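S.K.: My structure is below; once you've seen it, I'll send some questions.
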Amino acid sequence: ASLTEEVLTQLECYNVSVVQGPLTEGYTKQAPYNVILLAGAVASVPESLTDQLANGGRLVTVIDDNAYYPDNTVGKATLFYKSGNTVSQKQLFDAQVKPLPGFQKAPTFEF
């Protein structure tokens, strides 16, 4: 994070914030956001992130329930759109990207 801040300062990018913390919580301090990009695969998008979208805001990520297993699965690039209090989603195309830490489903027992 400190290296990123240093580079952004060198590039004179003063409208960018670098924050550290759990990815699944987002950054409520500066919400609402017009766009949120999750640059990796997630099992699902937590409500804590869609709550931070502005009206008309969009969130883009790859949804892949199996991304955390070593079988190189393919997920679906998905666009989430917030209108009022409703968040809808649309699958866009197949995609295979590395999983983001912290977004995997809790393990469950299956028989």
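Ordering of the structure tokens sets the chain letters (A, B, ...); residue numbers start at 1 within each chain; ligands are numbered from 1 in the order shown.
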Which neighbours of Ala39 in chain A fall inside 9 Å, counting only C-alpha atoms, when residues of the same chain fewer than 2 positions from it are skipped, and could you give them as a list of chain:residue names?

M.R.: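 Contacts, in chain order: A:Leu37, A:Ala41, A:Val60, A:Thr61, A:Val62, A:Val97, A:Lys98, A:Pro99, A:Leu100.
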
S.K.: Using DSSP on the backbone coordinates, identify all residues within chain A classified as strand (DSSP E or B); present the result as a PyMOL selection string.

M.R.: chain A and resi 33-42+53-63+75-83+86-95+99

S.K.: Quick check, in Å to one decimal: how far apart do CA of Pro46 in chain A and CA of Phe93 in chain A lie?

M.R.: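 One can read the CA of Pro46 in chain A to CA of Phe93 in chain A distance as 20.9 Å.
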
S.K.: A:Gly56, A:Val18, A:Leu92, A:Glu110: which is nearest Glu6 in chain A, counting only C-alpha atoms?

M.R.: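 Ranking A:Gly56, A:Val18, A:Leu92, A:Glu110 by distance to Glu6 in chain A, first place goes to A:Val18.
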
S.K.: Would you pick out the contacts of Tyr27 in chain A at 12 Å or less, using only C-alpha atoms, so that residues sharing its chain but fewer than 2 positions from it are not included, and give the list as a list in words?

M.R.: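 Counting only C-alpha atoms, the residues come to Ser17, Val18, Val19, Gln20, Gly21, Pro22, Leu23, Thr24, Glu25, Lys29, Gln30, Ala31, Pro32, Tyr33, Ile36, Ser48, Leu49, Thr50, Asp51, Gln52 and Leu53 of chain A.
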
S.K.: Suppose we keep all heavy atoms; can you now write the selection as a compact mmCIF listing (two decimals), in the first residue's frame?

M.R.:
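So the final result, stored in selection-v5.txt, reads:
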# COMPACT_ATOMS: atom_id res chain seq x y z
N SER A 17 -7.58 7.06 -3.49
CA SER A 17 -7.31 6.69 -2.10
C SER A 17 -6.84 5.25 -2.05
O SER A 17 -7.38 4.39 -2.74
CB SER A 17 -8.57 6.82 -1.25
OG SER A 17 -9.02 8.15 -1.20
N VAL A 18 -5.86 5.00 -1.23
CA VAL A 18 -5.37 3.64 -1.00
C VAL A 18 -5.72 3.29 0.45
O VAL A 18 -5.34 4.00 1.37
CB VAL A 18 -3.84 3.54 -1.21
CG1 VAL A 18 -3.35 2.13 -0.90
CG2 VAL A 18 -3.47 3.95 -2.63
N VAL A 19 -6.48 2.22 0.62
CA VAL A 19 -6.89 1.80 1.96
C VAL A 19 -6.57 0.32 2.14
O VAL A 19 -6.49 -0.43 1.17
CB VAL A 19 -8.40 2.05 2.20
CG1 VAL A 19 -8.70 3.53 2.19
CG2 VAL A 19 -9.24 1.34 1.19
N GLN A 20 -6.39 -0.07 3.38
CA GLN A 20 -6.14 -1.46 3.70
C GLN A 20 -7.23 -1.95 4.64
O GLN A 20 -7.69 -1.20 5.50
CB GLN A 20 -4.78 -1.62 4.38
CG GLN A 20 -3.62 -1.35 3.47
CD GLN A 20 -2.30 -1.56 4.19
OE1 GLN A 20 -2.22 -1.53 5.40
NE2 GLN A 20 -1.26 -1.78 3.42
N GLY A 21 -7.62 -3.19 4.48
CA GLY A 21 -8.63 -3.79 5.35
C GLY A 21 -9.28 -4.96 4.65
O GLY A 21 -8.91 -5.30 3.52
N PRO A 22 -10.24 -5.59 5.31
CA PRO A 22 -10.93 -6.73 4.70
C PRO A 22 -11.65 -6.32 3.41
O PRO A 22 -12.44 -5.37 3.42
CB PRO A 22 -11.93 -7.17 5.77
CG PRO A 22 -11.44 -6.55 7.04
CD PRO A 22 -10.71 -5.31 6.66
N LEU A 23 -11.38 -7.01 2.33
CA LEU A 23 -11.98 -6.68 1.04
C LEU A 23 -13.50 -6.77 1.07
O LEU A 23 -14.18 -5.97 0.43
CB LEU A 23 -11.44 -7.60 -0.05
CG LEU A 23 -9.95 -7.53 -0.34
CD1 LEU A 23 -9.56 -8.62 -1.34
CD2 LEU A 23 -9.57 -6.17 -0.86
N THR A 24 -14.01 -7.71 1.82
CA THR A 24 -15.46 -7.94 1.83
C THR A 24 -16.23 -6.79 2.48
O THR A 24 -17.44 -6.69 2.30
CB THR A 24 -15.80 -9.24 2.57
OG1 THR A 24 -15.25 -9.17 3.89
CG2 THR A 24 -15.26 -10.45 1.84
N GLU A 25 -15.55 -5.92 3.22
CA GLU A 25 -16.23 -4.80 3.87
C GLU A 25 -16.24 -3.54 3.03
O GLU A 25 -16.95 -2.59 3.33
CB GLU A 25 -15.58 -4.52 5.23
CG GLU A 25 -15.79 -5.65 6.22
CD GLU A 25 -15.10 -5.39 7.54
OE1 GLU A 25 -14.70 -4.23 7.81
OE2 GLU A 25 -14.93 -6.35 8.30
N LYS A 29 -16.37 4.74 4.31
CA LYS A 29 -16.07 6.16 4.58
C LYS A 29 -16.32 7.06 3.38
O LYS A 29 -16.69 8.21 3.54
CB LYS A 29 -14.61 6.30 5.00
CG LYS A 29 -14.40 6.64 6.43
CD LYS A 29 -12.93 6.88 6.67
CE LYS A 29 -12.71 7.32 8.09
NZ LYS A 29 -11.32 7.47 8.43
N GLN A 30 -16.06 6.55 2.17
CA GLN A 30 -16.21 7.39 0.99
C GLN A 30 -17.39 6.96 0.10
O GLN A 30 -17.53 7.46 -1.00
CB GLN A 30 -14.91 7.40 0.18
CG GLN A 30 -13.80 8.11 0.91
CD GLN A 30 -12.53 8.20 0.10
OE1 GLN A 30 -12.29 7.41 -0.81
NE2 GLN A 30 -11.71 9.17 0.44
N ALA A 31 -18.19 6.03 0.59
CA ALA A 31 -19.36 5.59 -0.17
C ALA A 31 -20.38 6.72 -0.22
O ALA A 31 -20.35 7.62 0.63
CB ALA A 31 -19.96 4.35 0.48
N PRO A 32 -21.27 6.74 -1.18
CA PRO A 32 -21.53 5.71 -2.19
C PRO A 32 -20.63 5.88 -3.41
O PRO A 32 -20.13 6.96 -3.70
CB PRO A 32 -22.99 5.95 -2.56
CG PRO A 32 -23.18 7.42 -2.38
CD PRO A 32 -22.29 7.80 -1.22
N TYR A 33 -20.44 4.76 -4.11
CA TYR A 33 -19.57 4.71 -5.29
C TYR A 33 -20.40 4.50 -6.55
O TYR A 33 -21.39 3.79 -6.54
CB TYR A 33 -18.57 3.55 -5.16
CG TYR A 33 -17.68 3.69 -3.95
CD1 TYR A 33 -17.91 2.95 -2.80
CD2 TYR A 33 -16.60 4.57 -3.96
CE1 TYR A 33 -17.11 3.08 -1.68
CE2 TYR A 33 -15.79 4.71 -2.85
CZ TYR A 33 -16.04 3.97 -1.72
OH TYR A 33 -15.24 4.10 -0.61
N ILE A 36 -17.67 -0.07 -8.62
CA ILE A 36 -16.79 -0.91 -7.80
C ILE A 36 -16.34 -2.05 -8.70
O ILE A 36 -17.16 -2.71 -9.33
CB ILE A 36 -17.52 -1.47 -6.56
CG1 ILE A 36 -17.97 -0.33 -5.64
CG2 ILE A 36 -16.62 -2.45 -5.81
CD1 ILE A 36 -18.82 -0.78 -4.46
N SER A 48 -22.66 -6.06 1.92
CA SER A 48 -21.89 -4.91 2.43
C SER A 48 -21.28 -4.10 1.29
O SER A 48 -21.09 -2.89 1.41
CB SER A 48 -20.80 -5.38 3.38
OG SER A 48 -19.93 -6.30 2.74
N LEU A 49 -21.01 -4.74 0.16
CA LEU A 49 -20.46 -4.02 -1.00
C LEU A 49 -21.55 -3.40 -1.86
O LEU A 49 -21.43 -2.25 -2.28
CB LEU A 49 -19.58 -4.94 -1.85
CG LEU A 49 -18.28 -5.39 -1.18
CD1 LEU A 49 -17.49 -6.29 -2.12
CD2 LEU A 49 -17.44 -4.20 -0.75
N THR A 50 -22.62 -4.14 -2.13
CA THR A 50 -23.69 -3.57 -2.95
C THR A 50 -24.38 -2.42 -2.22
O THR A 50 -24.89 -1.51 -2.85
CB THR A 50 -24.72 -4.63 -3.39
OG1 THR A 50 -25.26 -5.28 -2.25
CG2 THR A 50 -24.07 -5.65 -4.32
N ASP A 51 -24.36 -2.44 -0.89
CA ASP A 51 -24.92 -1.33 -0.11
C ASP A 51 -24.14 -0.04 -0.33
O ASP A 51 -24.65 1.05 -0.13
CB ASP A 51 -24.93 -1.66 1.38
CG ASP A 51 -26.02 -2.63 1.77
OD1 ASP A 51 -26.92 -2.88 0.94
OD2 ASP A 51 -25.96 -3.15 2.90
N GLN A 52 -22.88 -0.16 -0.75
CA GLN A 52 -22.03 1.02 -0.95
C GLN A 52 -22.15 1.62 -2.35
O GLN A 52 -21.52 2.62 -2.65
CB GLN A 52 -20.57 0.66 -0.64
CG GLN A 52 -20.36 0.33 0.82
CD GLN A 52 -18.95 -0.08 1.13
OE1 GLN A 52 -18.00 0.53 0.66
NE2 GLN A 52 -18.80 -1.12 1.94
N LEU A 53 -22.97 1.00 -3.20
CA LEU A 53 -23.19 1.55 -4.53
C LEU A 53 -24.17 2.72 -4.48
O LEU A 53 -25.16 2.68 -3.77
CB LEU A 53 -23.75 0.48 -5.48
CG LEU A 53 -22.80 -0.60 -5.95
CD1 LEU A 53 -23.57 -1.69 -6.69
CD2 LEU A 53 -21.72 -0.01 -6.83

S.K.: Would you please work out which residue, of A:Glu47, A:Asp71, A:Asp64, A:Glu12, is nearest to Val87 in chain A when using only C-alpha atoms?

M.R.: A:Glu47

S.K.: For Val35 in chain A, list every protein, DNA or RNA residue within 7 Å, evaluated using only C-alpha atoms, and leave out those in the same chain fewer than 4 positions away; present the list as a list in words.

M.R.: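 The residues satisfying every condition are Gly57, Arg58 and Leu59 of chain A.
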
S.K.: Save out the residues we just selected, C-alpha atoms, as a short mmCIF file (atom, residue, chain, number, x, y, z; two decimals), in the first residue's frame.

M.R.:
data_model
loop_
_atom_site.label_atom_id
_atom_site.label_comp_id
_atom_site.auth_asym_id
_atom_site.auth_seq_id
_atom_site.Cartn_x
_atom_site.Cartn_y
_atom_site.Cartn_z
CA GLY A 57 -23.97 2.42 -9.54
CA ARG A 58 -22.36 -0.68 -10.98
CA LEU A 59 -20.20 -3.45 -9.58
#

S.K.: Within 12 Å of Asp65 in chain A, counting only C-alpha atoms, which residues qualify if same-chain residues fewer than 5 places away don't, as a ChimeraX atom specification?

M.R.: /A:41-45,71-76,96,99-100,103-107

S.K.: Can you write out the residues you just picked, keeping N, CA and C atoms, as a PDB file, in the first residue's frame?

M.R.:
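Result file again.pdb:
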ATOM      1  N   ALA A  41     -11.948 -13.461  -8.873  1.00  0.00           N
ATOM      2  CA  ALA A  41     -13.146 -14.290  -8.731  1.00  0.00           C
ATOM      3  C   ALA A  41     -13.610 -14.306  -7.279  1.00  0.00           C
ATOM      4  N   VAL A  42     -14.930 -14.305  -7.113  1.00  0.00           N
ATOM      5  CA  VAL A  42     -15.547 -14.395  -5.792  1.00  0.00           C
ATOM      6  C   VAL A  42     -16.661 -15.431  -5.850  1.00  0.00           C
ATOM      7  N   ALA A  43     -16.933 -16.064  -4.721  1.00  0.00           N
ATOM      8  CA  ALA A  43     -18.037 -17.018  -4.679  1.00  0.00           C
ATOM      9  C   ALA A  43     -19.365 -16.281  -4.733  1.00  0.00           C
ATOM     10  N   SER A  44     -19.417 -15.118  -4.087  1.00  0.00           N
ATOM     11  CA  SER A  44     -20.609 -14.275  -4.109  1.00  0.00           C
ATOM     12  C   SER A  44     -20.204 -12.864  -3.700  1.00  0.00           C
ATOM     13  N   VAL A  45     -21.054 -11.915  -4.009  1.00  0.00           N
ATOM     14  CA  VAL A  45     -20.792 -10.523  -3.649  1.00  0.00           C
ATOM     15  C   VAL A  45     -21.570 -10.218  -2.367  1.00  0.00           C
ATOM     16  N   ASP A  71      -9.071 -26.783  -9.411  1.00  0.00           N
ATOM     17  CA  ASP A  71      -9.415 -27.427 -10.677  1.00  0.00           C
ATOM     18  C   ASP A  71      -9.580 -26.438 -11.832  1.00  0.00           C
ATOM     19  N   ASN A  72      -9.124 -25.191 -11.660  1.00  0.00           N
ATOM     20  CA  ASN A  72      -9.146 -24.191 -12.739  1.00  0.00           C
ATOM     21  C   ASN A  72     -10.511 -24.058 -13.393  1.00  0.00           C
ATOM     22  N   THR A  73     -11.496 -23.736 -12.615  1.00  0.00           N
ATOM     23  CA  THR A  73     -12.845 -23.594 -13.140  1.00  0.00           C
ATOM     24  C   THR A  73     -13.020 -22.257 -13.845  1.00  0.00           C
ATOM     25  N   VAL A  74     -14.082 -22.168 -14.593  1.00  0.00           N
ATOM     26  CA  VAL A  74     -14.414 -20.937 -15.319  1.00  0.00           C
ATOM     27  C   VAL A  74     -15.635 -20.320 -14.654  1.00  0.00           C
ATOM     28  N   GLY A  75     -15.552 -19.016 -14.382  1.00  0.00           N
ATOM     29  CA  GLY A  75     -16.669 -18.305 -13.777  1.00  0.00           C
ATOM     30  C   GLY A  75     -17.385 -17.444 -14.790  1.00  0.00           C
ATOM     31  N   LYS A  76     -18.276 -16.630 -14.296  1.00  0.00           N
ATOM     32  CA  LYS A  76     -19.069 -15.733 -15.144  1.00  0.00           C
ATOM     33  C   LYS A  76     -18.773 -14.285 -14.748  1.00  0.00           C
ATOM     34  N   GLN A  96     -11.940 -16.651 -16.529  1.00  0.00           N
ATOM     35  CA  GLN A  96     -11.156 -17.417 -15.564  1.00  0.00           C
ATOM     36  C   GLN A  96     -10.097 -16.486 -14.989  1.00  0.00           C
ATOM     37  N   PRO A  99      -8.852 -16.184  -7.683  1.00  0.00           N
ATOM     38  CA  PRO A  99      -9.815 -15.810  -6.650  1.00  0.00           C
ATOM     39  C   PRO A  99      -9.282 -14.707  -5.734  1.00  0.00           C
ATOM     40  N   LEU A 100     -10.193 -13.885  -5.244  1.00  0.00           N
ATOM     41  CA  LEU A 100      -9.843 -12.870  -4.254  1.00  0.00           C
ATOM     42  C   LEU A 100      -9.934 -13.494  -2.864  1.00  0.00           C
ATOM     43  N   PHE A 103     -13.425 -14.075   0.001  1.00  0.00           N
ATOM     44  CA  PHE A 103     -14.753 -14.128  -0.611  1.00  0.00           C
ATOM     45  C   PHE A 103     -15.259 -15.557  -0.822  1.00  0.00           C
ATOM     46  N   GLN A 104     -14.528 -16.559  -0.358  1.00  0.00           N
ATOM     47  CA  GLN A 104     -14.966 -17.932  -0.553  1.00  0.00           C
ATOM     48  C   GLN A 104     -16.116 -18.255   0.399  1.00  0.00           C
ATOM     49  N   LYS A 105     -16.920 -19.232  -0.022  1.00  0.00           N
ATOM     50  CA  LYS A 105     -18.037 -19.696   0.807  1.00  0.00           C
ATOM     51  C   LYS A 105     -17.479 -20.389   2.041  1.00  0.00           C
ATOM     52  N   ALA A 106     -18.221 -20.296   3.138  1.00  0.00           N
ATOM     53  CA  ALA A 106     -17.852 -21.042   4.328  1.00  0.00           C
ATOM     54  C   ALA A 106     -18.019 -22.524   4.021  1.00  0.00           C
ATOM     55  N   PRO A 107     -17.097 -23.351   4.478  1.00  0.00           N
ATOM     56  CA  PRO A 107     -17.218 -24.798   4.233  1.00  0.00           C
ATOM     57  C   PRO A 107     -18.496 -25.358   4.832  1.00  0.00           C
TER      58      PRO A 107
END

S.K.: Could you give me the residues within range 31-93 of chain A that DSSP places in alpha helix (DSSP H), as a ChimeraX atom specification?

M.R.: /A:47-50

S.K.: My list of candidates is A:Phe111, A:Lys90, A:Ser83, A:Pro101. Which is closest to Ala54 in chain A when distances are computed with only C-alpha atoms?

M.R.: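 Answer, going by the shortest atom-to-atom distance: A:Ser83.
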